[in-house]
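Asks: Below is the file target08.cif, with mmCIF, C-alpha atoms and all ligand atoms.
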data_start
#
loop_
_atom_site.label_atom_id
_atom_site.label_comp_id
_atom_site.auth_asym_id
_atom_site.auth_seq_id
_atom_site.Cartn_x
_atom_site.Cartn_y
_atom_site.Cartn_z
CA MET A 1 8.16 -33.32 -58.85
CA SER A 2 8.28 -31.33 -55.65
CA THR A 3 10.30 -31.70 -52.51
CA THR A 4 10.74 -29.48 -49.54
CA THR A 5 14.49 -29.94 -49.20
CA THR A 6 17.18 -27.91 -50.91
CA THR A 7 18.61 -29.67 -53.94
CA ARG A 8 22.24 -30.46 -54.73
CA PRO A 9 22.22 -31.02 -58.47
CA SER A 10 24.18 -34.14 -59.40
CA THR A 11 26.26 -34.51 -62.54
CA ALA A 12 26.08 -37.75 -64.53
CA GLU A 13 29.56 -38.54 -63.23
CA ALA A 14 28.40 -38.14 -59.63
CA ILE A 15 25.52 -40.55 -60.26
CA ARG A 16 27.94 -43.12 -61.71
CA THR A 17 30.23 -42.78 -58.67
CA VAL A 18 27.47 -42.88 -56.07
CA PHE A 19 25.94 -45.91 -57.77
CA SER A 20 29.20 -47.86 -57.74
CA GLU A 21 29.81 -46.99 -54.08
CA ARG A 22 26.39 -48.33 -53.12
CA PHE A 23 25.70 -51.15 -55.53
CA GLY A 24 28.79 -51.92 -57.62
CA ASN A 25 29.05 -50.98 -61.28
CA ALA A 26 25.91 -49.70 -63.00
CA ALA A 27 24.77 -51.79 -65.95
CA VAL A 28 22.94 -48.93 -67.66
CA ILE A 29 23.11 -45.14 -67.28
CA VAL A 30 20.53 -42.94 -68.99
CA ARG A 31 19.95 -39.18 -69.13
CA SER A 32 16.58 -37.63 -69.85
CA PRO A 33 16.04 -33.87 -70.12
CA GLY A 34 13.50 -31.41 -68.75
CA ARG A 35 11.47 -29.34 -71.21
CA VAL A 36 10.25 -25.88 -72.09
CA ASN A 37 7.05 -25.17 -73.99
CA LEU A 38 7.10 -22.15 -76.30
CA ILE A 39 3.35 -21.91 -76.77
CA GLY A 40 0.29 -24.19 -76.63
CA GLU A 41 -0.41 -24.52 -72.92
CA HIS A 42 -3.15 -26.82 -71.57
CA THR A 43 -3.85 -27.88 -75.14
CA ASP A 44 -2.30 -31.36 -75.01
CA TYR A 45 -5.12 -33.06 -73.09
CA ASN A 46 -7.61 -31.27 -75.37
CA ASN A 47 -6.10 -33.09 -78.37
CA GLY A 48 -4.56 -29.86 -79.69
CA PHE A 49 -1.00 -28.93 -80.70
CA VAL A 50 1.96 -28.05 -78.46
CA LEU A 51 5.39 -26.59 -79.21
CA PRO A 52 7.86 -27.91 -76.61
CA ALA A 53 11.60 -28.58 -76.69
CA ALA A 54 13.99 -30.60 -74.53
CA ILE A 55 16.45 -28.47 -72.57
CA ASP A 56 20.09 -28.77 -71.58
CA LYS A 57 19.17 -29.78 -68.02
CA ALA A 58 18.58 -33.46 -67.34
CA THR A 59 17.98 -36.24 -64.85
CA THR A 60 20.48 -39.11 -64.86
CA VAL A 61 19.43 -42.59 -63.79
CA ALA A 62 21.82 -45.51 -63.15
CA VAL A 63 20.47 -49.06 -62.76
CA SER A 64 21.57 -52.66 -62.26
CA ARG A 65 19.72 -55.95 -61.87
CA ARG A 66 19.24 -57.73 -58.56
CA ASN A 67 18.73 -61.42 -57.86
CA ASP A 68 15.53 -60.88 -55.87
CA ASP A 69 12.26 -58.96 -56.32
CA VAL A 70 13.38 -55.87 -54.43
CA ILE A 71 13.48 -52.39 -55.94
CA HIS A 72 16.06 -50.26 -54.13
CA LEU A 73 15.90 -46.56 -55.03
CA TYR A 74 18.26 -43.77 -54.01
CA ALA A 75 17.73 -40.06 -54.70
CA ASN A 76 21.15 -38.44 -54.64
CA ASP A 77 20.01 -34.82 -54.56
CA PHE A 78 17.75 -34.85 -51.49
CA PRO A 79 19.18 -37.45 -50.34
CA ASP A 80 16.67 -40.22 -49.57
CA SER A 81 16.19 -43.92 -50.24
CA HIS A 82 13.23 -46.23 -50.68
CA LEU A 83 12.73 -50.00 -50.77
CA ALA A 84 9.80 -51.63 -52.53
CA SER A 85 8.82 -55.11 -53.63
CA LEU A 86 8.02 -55.82 -57.26
CA ASP A 87 4.82 -57.62 -56.33
CA ALA A 88 3.47 -54.99 -53.94
CA LEU A 89 3.78 -51.66 -55.68
CA LEU A 90 1.83 -48.99 -53.83
CA PRO A 91 1.97 -45.20 -54.30
CA THR A 92 3.89 -43.39 -51.56
CA GLY A 93 2.69 -39.87 -52.37
CA ASN A 94 6.33 -38.88 -52.88
CA TRP A 95 9.22 -39.05 -55.38
CA PRO A 96 9.45 -42.90 -55.55
CA ASP A 97 6.10 -42.90 -57.36
CA TYR A 98 7.69 -41.57 -60.58
CA VAL A 99 9.85 -44.71 -60.73
CA LEU A 100 7.41 -47.22 -59.21
CA GLY A 101 4.62 -45.87 -61.43
CA VAL A 102 6.63 -46.70 -64.55
CA VAL A 103 7.41 -50.19 -63.22
CA SER A 104 3.76 -50.74 -62.42
CA GLN A 105 2.64 -49.62 -65.92
CA LEU A 106 5.25 -51.76 -67.70
CA ARG A 107 4.22 -54.81 -65.71
CA GLY A 108 0.56 -54.03 -66.40
CA MET A 109 1.42 -54.02 -70.10
CA GLY A 110 2.76 -57.55 -69.68
CA TYR A 111 6.52 -56.88 -69.63
CA ALA A 112 8.61 -59.06 -67.34
CA LEU A 113 10.86 -57.11 -64.96
CA GLY A 114 13.01 -58.28 -62.07
CA GLY A 115 14.27 -56.47 -58.98
CA PHE A 116 16.76 -53.64 -59.55
CA ASN A 117 18.85 -50.93 -57.89
CA LEU A 118 18.45 -47.36 -59.11
CA VAL A 119 20.23 -44.09 -58.29
CA PHE A 120 19.13 -40.80 -59.80
CA GLY A 121 19.85 -37.08 -59.69
CA GLY A 122 20.36 -34.16 -62.00
CA ASP A 123 20.04 -30.46 -62.60
CA VAL A 124 16.42 -30.06 -63.68
CA PRO A 125 15.15 -27.71 -60.96
CA LEU A 126 12.49 -29.49 -58.89
CA GLY A 127 8.97 -28.09 -58.78
CA ALA A 128 9.91 -25.27 -61.17
CA GLY A 129 7.71 -26.37 -64.08
CA MET A 130 10.53 -27.79 -66.22
CA SER A 131 9.16 -31.35 -65.92
CA SER A 132 11.64 -32.96 -63.58
CA SER A 133 8.98 -35.67 -63.01
CA ALA A 134 8.65 -36.50 -66.71
CA ALA A 135 12.45 -36.55 -66.98
CA LEU A 136 12.66 -39.15 -64.19
CA GLU A 137 9.80 -41.21 -65.62
CA CYS A 138 11.32 -41.24 -69.12
CA ALA A 139 14.82 -42.00 -67.83
CA THR A 140 13.38 -44.88 -65.80
CA ALA A 141 11.42 -46.32 -68.73
CA PHE A 142 14.46 -46.07 -71.03
CA ALA A 143 16.83 -47.58 -68.45
CA LEU A 144 14.51 -50.51 -67.64
CA ASN A 145 13.95 -51.13 -71.34
CA GLU A 146 17.72 -51.55 -71.74
CA LEU A 147 18.26 -53.44 -68.49
CA PHE A 148 15.57 -56.06 -69.13
CA SER A 149 15.79 -56.01 -72.96
CA LEU A 150 12.09 -55.21 -73.31
CA GLY A 151 12.31 -54.06 -76.94
CA LEU A 152 10.12 -50.96 -76.45
CA ASP A 153 10.08 -48.10 -78.94
CA ARG A 154 10.21 -44.49 -77.77
CA LEU A 155 6.49 -43.82 -78.17
CA THR A 156 5.57 -46.85 -76.05
CA MET A 157 7.94 -45.61 -73.34
CA VAL A 158 6.36 -42.14 -73.51
CA LYS A 159 2.91 -43.66 -73.07
CA ALA A 160 4.06 -45.80 -70.13
CA ALA A 161 5.59 -42.70 -68.48
CA GLN A 162 2.41 -40.68 -69.00
CA ALA A 163 0.28 -43.55 -67.68
CA ALA A 164 2.51 -43.69 -64.58
CA GLU A 165 1.72 -40.04 -63.91
CA ASN A 166 -2.02 -40.52 -64.62
CA ARG A 167 -2.65 -43.79 -62.81
CA PHE A 168 0.02 -44.04 -60.12
CA VAL A 169 0.94 -40.44 -59.24
CA GLY A 170 -2.64 -39.26 -59.78
CA VAL A 171 -2.07 -36.25 -62.06
CA ASN A 172 -4.22 -36.49 -65.16
CA CYS A 173 -1.58 -34.83 -67.37
CA GLY A 174 -1.39 -34.85 -71.15
CA ILE A 175 1.43 -36.31 -73.19
CA MET A 176 3.53 -33.20 -73.84
CA ASP A 177 6.16 -33.40 -71.09
CA GLN A 178 7.08 -37.05 -71.54
CA PHE A 179 7.05 -36.68 -75.34
CA ALA A 180 9.39 -33.68 -75.27
CA SER A 181 11.79 -35.35 -72.86
CA MET A 182 11.95 -38.54 -74.94
CA PHE A 183 11.89 -37.05 -78.47
CA GLY A 184 13.78 -33.75 -77.98
CA LYS A 185 16.24 -32.70 -80.67
CA LYS A 186 19.08 -30.20 -80.29
CA ASP A 187 18.22 -26.72 -81.62
CA HIS A 188 14.69 -27.74 -82.63
CA VAL A 189 11.23 -27.31 -81.18
CA ILE A 190 8.67 -30.10 -81.65
CA ARG A 191 5.31 -29.29 -83.19
CA LEU A 192 3.28 -32.16 -81.79
CA ASP A 193 -0.27 -32.98 -82.76
CA CYS A 194 -1.55 -34.50 -79.52
CA ARG A 195 -4.43 -36.24 -81.29
CA SER A 196 -2.59 -38.16 -84.00
CA LEU A 197 0.83 -37.93 -82.27
CA ASP A 198 2.30 -36.88 -85.62
CA PHE A 199 5.13 -34.45 -85.05
CA ALA A 200 7.63 -32.25 -86.88
CA TYR A 201 10.94 -30.82 -85.73
CA ILE A 202 11.13 -27.09 -86.43
CA PRO A 203 14.60 -25.45 -86.40
CA PHE A 204 14.87 -22.91 -83.59
CA SER A 205 18.02 -20.93 -84.15
CA MET A 206 17.89 -18.38 -81.28
CA ASP A 207 19.56 -15.95 -83.62
CA GLY A 208 19.90 -12.73 -81.60
CA PHE A 209 17.67 -13.82 -78.72
CA ARG A 210 17.67 -16.29 -75.84
CA ILE A 211 15.13 -18.29 -73.87
CA VAL A 212 15.24 -17.11 -70.27
CA LEU A 213 13.31 -18.88 -67.51
CA LEU A 214 12.55 -16.85 -64.39
CA ASP A 215 11.69 -19.12 -61.47
CA THR A 216 9.11 -17.67 -59.05
CA ASN A 217 10.40 -20.03 -56.37
CA VAL A 218 6.80 -20.82 -55.46
CA LYS A 219 4.64 -23.88 -56.08
CA HIS A 220 1.15 -23.40 -54.74
CA SER A 221 -0.20 -26.64 -53.35
CA LEU A 222 -3.51 -26.62 -55.23
CA GLY A 223 -1.58 -27.25 -58.47
CA SER A 224 -2.50 -30.87 -59.16
CA SER A 225 -6.10 -30.75 -57.94
CA GLU A 226 -6.78 -27.61 -60.00
CA TYR A 227 -5.04 -29.22 -62.98
CA ASN A 228 -7.37 -32.22 -62.83
CA LEU A 229 -10.32 -29.86 -62.36
CA ARG A 230 -9.41 -27.89 -65.52
CA ARG A 231 -9.35 -31.11 -67.47
CA ASN A 232 -12.83 -32.00 -66.17
CA GLN A 233 -14.12 -28.53 -67.00
CA CYS A 234 -12.92 -28.91 -70.60
CA GLU A 235 -14.67 -32.28 -70.81
CA THR A 236 -17.87 -30.72 -69.44
CA GLY A 237 -17.71 -28.08 -72.18
CA VAL A 238 -17.28 -30.77 -74.83
CA ALA A 239 -20.29 -32.68 -73.42
CA MET A 240 -22.43 -29.51 -73.71
CA ILE A 241 -21.48 -29.12 -77.37
CA ARG A 242 -21.97 -32.82 -78.10
CA GLU A 243 -25.63 -32.62 -77.07
CA HIS A 244 -26.06 -30.73 -80.36
CA LEU A 245 -23.02 -31.78 -82.38
CA PRO A 246 -22.08 -35.39 -81.54
CA GLU A 247 -19.18 -35.29 -84.00
CA VAL A 248 -17.25 -32.96 -81.65
CA LYS A 249 -14.96 -35.31 -79.72
CA SER A 250 -12.72 -32.79 -77.91
CA LEU A 251 -12.03 -29.04 -77.79
CA ARG A 252 -9.73 -29.65 -80.76
CA ASP A 253 -12.92 -29.92 -82.84
CA ALA A 254 -14.66 -26.89 -81.30
CA ASP A 255 -14.74 -23.23 -82.36
CA LEU A 256 -15.89 -19.98 -80.72
CA ASN A 257 -19.19 -20.10 -82.49
CA MET A 258 -20.02 -23.48 -80.90
CA LEU A 259 -18.94 -22.21 -77.48
CA ASN A 260 -21.11 -19.10 -77.81
CA ARG A 261 -24.15 -21.12 -78.85
CA TYR A 262 -23.98 -24.19 -76.65
CA VAL A 263 -21.74 -23.47 -73.65
CA ALA A 264 -22.04 -19.76 -72.79
CA PRO A 265 -25.80 -19.89 -72.10
CA GLN A 266 -25.34 -22.85 -69.73
CA ASP A 267 -22.23 -22.02 -67.67
CA THR A 268 -20.02 -18.92 -67.74
CA LEU A 269 -17.06 -20.52 -65.98
CA ILE A 270 -16.97 -23.55 -68.31
CA TYR A 271 -17.27 -21.14 -71.24
CA GLN A 272 -14.22 -19.16 -70.06
CA ARG A 273 -12.13 -22.30 -69.67
CA CYS A 274 -13.09 -23.60 -73.11
CA ARG A 275 -12.64 -20.21 -74.75
CA TYR A 276 -9.05 -20.02 -73.57
CA VAL A 277 -8.30 -23.47 -75.05
CA VAL A 278 -9.99 -22.74 -78.38
CA GLU A 279 -8.15 -19.40 -78.70
CA GLU A 280 -4.82 -20.96 -77.70
CA LYS A 281 -5.27 -23.62 -80.35
CA GLU A 282 -5.52 -20.93 -83.04
CA ARG A 283 -2.73 -18.88 -81.48
CA LEU A 284 -0.32 -21.79 -81.66
CA LEU A 285 -0.95 -22.32 -85.36
CA GLY A 286 -0.34 -18.60 -85.95
CA ALA A 287 2.84 -18.77 -83.86
CA CYS A 288 4.15 -21.61 -86.05
CA ASN A 289 3.65 -19.37 -89.10
CA ASP A 290 5.53 -16.56 -87.28
CA LEU A 291 8.37 -18.97 -86.61
CA GLU A 292 8.52 -20.02 -90.23
CA ALA A 293 8.57 -16.35 -91.29
CA GLY A 294 11.27 -15.58 -88.69
CA ASP A 295 8.96 -13.01 -87.09
CA MET A 296 9.89 -13.42 -83.43
CA LYS A 297 8.23 -10.14 -82.51
CA ALA A 298 4.82 -11.46 -83.61
CA PHE A 299 5.60 -14.78 -81.91
CA GLY A 300 6.42 -12.97 -78.66
CA GLU A 301 3.22 -10.94 -78.75
CA LYS A 302 1.25 -14.18 -78.92
CA MET A 303 3.08 -15.40 -75.80
CA PHE A 304 1.83 -12.34 -73.91
CA ARG A 305 -1.70 -13.06 -75.13
CA THR A 306 -1.38 -16.68 -73.98
CA HIS A 307 -0.44 -15.46 -70.53
CA HIS A 308 -3.44 -13.17 -70.44
CA GLY A 309 -5.72 -16.10 -71.27
CA LEU A 310 -4.08 -18.42 -68.75
CA SER A 311 -4.38 -15.78 -66.06
CA HIS A 312 -7.88 -14.40 -66.72
CA LEU A 313 -9.84 -17.14 -68.49
CA TYR A 314 -8.17 -20.39 -67.49
CA GLU A 315 -7.10 -19.03 -64.09
CA VAL A 316 -4.02 -21.18 -63.57
CA SER A 317 -1.59 -18.33 -62.95
CA CYS A 318 -0.71 -16.83 -59.56
CA PRO A 319 0.30 -13.36 -58.31
CA GLU A 320 4.04 -14.13 -58.59
CA LEU A 321 3.80 -15.26 -62.23
CA ASP A 322 1.56 -12.31 -63.12
CA PHE A 323 4.01 -9.92 -61.48
CA LEU A 324 6.94 -11.23 -63.54
CA VAL A 325 5.08 -11.15 -66.86
CA ASP A 326 3.69 -7.71 -66.15
CA ARG A 327 7.08 -6.23 -65.24
CA VAL A 328 9.10 -7.64 -68.15
CA ARG A 329 6.57 -6.19 -70.59
CA ASN A 330 8.21 -2.76 -70.34
CA HIS A 331 11.71 -4.03 -71.04
CA PRO A 332 12.65 -3.11 -74.62
CA GLY A 333 14.67 -6.33 -75.06
CA VAL A 334 11.79 -8.66 -74.21
CA LEU A 335 9.95 -10.08 -77.21
CA GLY A 336 7.46 -12.18 -75.29
CA ALA A 337 6.77 -13.75 -71.90
CA ARG A 338 4.23 -15.99 -70.22
CA MET A 339 3.81 -18.52 -67.47
CA MET A 340 4.87 -22.01 -68.54
CA GLY A 341 3.48 -25.47 -67.76
CA GLY A 342 0.60 -26.42 -65.49
CA GLY A 343 0.66 -23.16 -63.52
CA PHE A 344 0.22 -22.06 -59.87
CA GLY A 345 3.95 -21.37 -59.65
CA GLY A 346 7.10 -22.46 -61.43
CA CYS A 347 8.69 -20.41 -64.18
CA THR A 348 7.89 -17.78 -66.73
CA ILE A 349 9.39 -18.31 -70.17
CA ASN A 350 10.80 -15.16 -71.80
CA LEU A 351 12.20 -14.50 -75.27
CA VAL A 352 14.89 -11.89 -74.73
CA ALA A 353 17.32 -10.05 -77.07
CA VAL A 354 20.84 -11.35 -76.39
CA ASP A 355 22.25 -8.01 -75.26
CA ALA A 356 19.36 -7.43 -72.82
CA VAL A 357 19.58 -10.78 -71.00
CA GLU A 358 21.98 -9.86 -68.21
CA GLU A 359 20.34 -6.59 -67.34
CA LEU A 360 16.86 -8.12 -67.41
CA ILE A 361 17.83 -10.91 -65.01
CA ALA A 362 19.44 -8.46 -62.57
CA ASP A 363 16.59 -5.99 -62.74
CA MET A 364 13.87 -8.60 -62.30
CA ALA A 365 15.71 -10.23 -59.39
CA HIS A 366 15.79 -6.84 -57.71
CA GLN A 367 12.12 -6.05 -58.37
CA TYR A 368 10.94 -9.55 -57.45
CA GLY A 369 13.00 -9.50 -54.25
CA GLU A 370 11.51 -6.16 -53.21
CA HIS A 371 7.98 -7.32 -54.02
CA THR A 372 8.00 -10.85 -52.57
CA GLY A 373 11.12 -11.11 -50.40
CA LYS A 374 12.17 -14.14 -52.48
CA ASP A 375 15.14 -14.94 -54.72
CA LEU A 376 14.52 -15.22 -58.44
CA PRO A 377 16.65 -18.01 -59.93
CA ALA A 378 17.10 -17.45 -63.67
CA TYR A 379 18.08 -19.98 -66.34
CA VAL A 380 19.29 -19.10 -69.83
CA ILE A 381 18.60 -22.42 -71.49
CA SER A 382 19.56 -24.02 -74.75
CA ILE A 383 17.68 -26.73 -76.58
CA GLY A 384 19.15 -30.21 -76.33
CA ASN A 385 18.54 -33.81 -77.32
CA GLY A 386 16.00 -36.20 -75.80
CA THR A 387 16.49 -39.31 -73.67
CA SER A 388 19.64 -41.34 -74.38
CA LYS A 389 22.02 -43.88 -72.91
CA ILE A 390 25.37 -42.48 -71.74
C1 LIG B 401 1.79 -29.96 -67.27
C2 LIG B 401 1.30 -31.28 -67.86
F1 LIG B 401 2.08 -32.31 -67.42
C3 LIG B 401 1.28 -31.26 -69.39
O1 LIG B 401 0.71 -32.44 -69.88
C4 LIG B 401 0.53 -30.03 -69.91
O2 LIG B 401 -0.84 -30.20 -69.82
C5 LIG B 401 1.00 -28.76 -69.19
O3 LIG B 401 0.99 -28.90 -67.78
C6 LIG B 401 0.15 -27.57 -69.56
O4 LIG B 401 0.29 -27.28 -70.91
O5 LIG B 401 3.13 -29.73 -67.57
#
Would you mind writing the file out in structure tokens?
Replies:
Amino acid sequence: MSTTTTTRPSTAEAIRTVFSERFGNAAVIVRSPGRVNLIGEHTDYNNGFVLPAAIDKATTVAVSRRNDDVIHLYANDFPDSHLASLDALLPTGNWPDYVLGVVSQLRGMGYALGGFNLVFGGDVPLGAGMSSSAALECATAFALNELFSLGLDRLTMVKAAQAAENRFVGVNCGIMDQFASMFGKKDHVIRLDCRSLDFAYIPFSMDGFRIVLLDTNVKHSLGSSEYNLRRNQCETGVAMIREHLPEVKSLRDADLNMLNRYVAPQDTLIYQRCRYVVEEKERLLGACNDLEAGDMKAFGEKMFRTHHGLSHLYEVSCPELDFLVDRVRNHPGVLGARMMGGGFGGCTINLVAVDAVEELIADMAHQYGEHTGKDLPAYVISIGNGTSKI
């Protein structure tokens, strides 16, 4: 989610208070977290694996029923409000779409909803690549499920939230962000197979190191159009392979040999895109072995290699992200770093030795400020639980 205004992060208590001032007591209050992704970037929509986790920053949504067909939304952090009618749901091109999109998908799936009031806010930084949009979509789905007793399970809500983003917001994203927000588990990462949707929680102890997010404070506007383009380029690569090997359904089924034989001779750019995905797929599986063996140094090295691929082959990085990854490389306390999420701005994710965290943040803020003239917000995050009622 992006907005041009400065945010005032709301606590869950503030959302409860604001809701009761505007609409009376809230019937349901739900929190849904943002996410990080350790490794496995741009693999979800290629049916590969991802390794995300829910974080300790969340969006809170409060809702109550109305007696008419009106949907009355209020964003406490911007602040801004929006009125819509249940029977005329149209995209606005702005934040209401994350809520209205979920409503539209649920109704399309045949669930009966009525009008409702909704207030939301939270401390997931907006437009920073921590999935504030997925957090709002998942919180909305969960809250409406409770409010209208729809009887949905978590996976159905995840799919409705993803469909809202695909069909209403217009970003052809994979399932990772919504899945991580809904299924997150404290102190665990989720190894998710995006083809079968089988998943496993892997303990992530952060023994001696921390996850540090460095926020470039930029979000280049071509983000969503380039994202959709990458997805198309991957599909083009698959189509080239399928001319010879019809059993290959997605890049999940492809290897470098196939790319060299059937894609490289036809189109160098498509080859580069597909090569990144195929290499990242292997890298993630290796990183899971590193995690199991407790070898965070090897894990971190793979993160640097992921960044290199995202920057040079997949070309979804930007000068600010490259600068941050390049500069932290020389810090002895940094085990690994890379851009995180869709790209073209947002955060880098860094694994940093505990005793190096403070100095790294100060040093990078200084270097980044000198280089770009911008602040560098930093977040030392912990891994929390997924969507829940509060
Ligand atoms: C964004 C998308 F929403 C995810 O589905 C995923 O593709 C990610 O970019 C890149 O790994 O966060």
Asks: Just the residues within 10 Å of A:Asp326, please, counting only C-alpha atoms, with nothing from its chain fewer than 6 positions along; format it as a list in words.
Replies: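 Near A:Asp326, the qualifying residues are Phe304, His307, His308, Glu320, Ala337 and Arg338 of chain A.
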Asks: Select the residues contacting ligand LIG 401 (chain B) at a distance of at most 9 Å, based on only C-alpha atoms and all ligand atoms, then format the selection as a VMD selection string.
Replies: chain A and resid 37 39 to 46 50 129 to 131 133 to 134 162 165 171 to 178 227 231 340 to 343
Asks: Could you give me, as a count of residues only, the residues that have an atom at most 9 Å away from the point (10.4, -28.3, -82.8) in the coordinates of the file, using only C-alpha atoms?
Replies: 17
Asks: To one decimal place, how far is atom CA of A:Arg16 from atom CA of A:Met157 in Å?
Replies: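 That distance, rounded to one decimal, is 23.3 Å.
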Asks: Using 9 Å as the limit and counting only C-alpha atoms, can you tabulate each residue of stretch 11-96 of chain A that touches stretch 364-382 of chain A, with its shortest atom-to-atom distance in Å and the two atoms involved, as a tab-separated table?
Replies:
residue	atom	partner	partner_atom	distance
A:Ala54	CA	A:Ser382	CA	8.6
A:Ile55	CA	A:Ser382	CA	5.9
A:Asp56	CA	A:Ser382	CA	5.7
A:Lys57	CA	A:Ile381	CA	8.2
Asks: Smallest atom-to-atom distance to A:Val352: which of A:Val334, A:Arg305, A:Glu13, A:Val103, using all atoms listed in the file?
Replies: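 Checking each of A:Val334, A:Arg305, A:Glu13, A:Val103 against A:Val352, counting all atoms listed in the file, the winner is A:Val334.
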Asks: Looking at A:Lys249, A:Lys186, A:Arg273, A:Arg327, which one is nearest to A:Arg35, with distances taken over all atoms listed in the file?
Replies: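 Checking each of A:Lys249, A:Lys186, A:Arg273, A:Arg327 against A:Arg35, counting all atoms listed in the file, the winner is A:Lys186.
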Asks: Taking the point (15.0, -59.0, -57.4) as given in the file, collect each protein or nucleic acid residue that comes within 7 Å of it, counting only C-alpha atoms, and present the set as a PDB file with C-alpha atoms, in the frame of the given file.
Replies:
ATOM      1  CA  ARG A  66      19.240 -57.730 -58.560  1.00  0.00           C
ATOM      2  CA  ASN A  67      18.730 -61.420 -57.860  1.00  0.00           C
ATOM      3  CA  ASP A  68      15.530 -60.880 -55.870  1.00  0.00           C
ATOM      4  CA  ASP A  69      12.260 -58.960 -56.320  1.00  0.00           C
ATOM      5  CA  VAL A  70      13.380 -55.870 -54.430  1.00  0.00           C
ATOM      6  CA  ILE A  71      13.480 -52.390 -55.940  1.00  0.00           C
ATOM      7  CA  GLY A 114      13.010 -58.280 -62.070  1.00  0.00           C
ATOM      8  CA  GLY A 115      14.270 -56.470 -58.980  1.00  0.00           C
ATOM      9  CA  PHE A 116      16.760 -53.640 -59.550  1.00  0.00           C
TER      10      PHE A 116
END
Asks: Please compute the atom CA of A:Ala161-atom CA of A:Thr236 distance, one decimal, in Å.
Replies: 26.4 Å
Asks: Excluding same-chain residues fewer than 4 positions from stretch 19-22 of chain A, what lies within 9 Å of it counting all atoms listed in the file, as a list of chain:residue names?
Replies: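 Once the nearby chain positions are removed, what remains is A:Ala14, A:Ile15, A:Ala26, A:Ala62, A:Val63, A:Tyr74, A:Asn117, A:Leu118, A:Val119, A:Phe120.
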Asks: One number please: atom CA of A:Gly110 to atom CA of A:Ala84, in Å, one decimal.
Replies: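 So the answer is 19.5 Å.
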Asks: Env of A:Asp193: 6 Å cut, atoms = only C-alpha atoms, seq-sep filter 4 positions within chain, self excluded. Answer as a ChimeraX atom specification.
Replies: /A:49,197-198
Asks: Nearest residue to A:Val325 out of A:Ala353, A:Val277, A:Leu213, A:Leu313, using only C-alpha atoms?
Replies: A:Leu213
Asks: Name the closest residue to A:His220 among the candidates A:Ile29, A:Met182, A:Ala160, A:Leu321; distances are taken between atoms, counting all atoms listed in the file.
Replies: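 For A:His220, the nearest of the candidates is A:Leu321.
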Asks: Would you please work out which residue, of A:Leu144, A:Ala356, A:Leu38, A:Leu155, is nearest to A:Gly336 when using only C-alpha atoms?
Replies: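 Of A:Leu144, A:Ala356, A:Leu38, A:Leu155, the one nearest A:Gly336 is A:Leu38, counting only C-alpha atoms.
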Asks: Could you list, as a ChimeraX atom specification, every residue within 8 Å of A:Phe299, counting all atoms listed in the file and ignoring same-chain residues fewer than 4 positions away?
Replies: /A:287,290-291,295,303,335-336
Asks: Rank A:Pro319, A:Pro79, A:Gly101, A:Gly237 by their smallest atom-to-atom distance to A:Asn166, using all atoms listed in the file, and report the top residue only.
Replies: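 Under the stated criterion, the closest residue is A:Gly101.
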Asks: Fewer than 3 positions away in the same chain doesn't count, so skip those; otherwise give me all residues within 7 Å of A:Thr140, counting all atoms listed in the file, as a ChimeraX atom specification.
Replies: /A:61,99,136-137,143-144
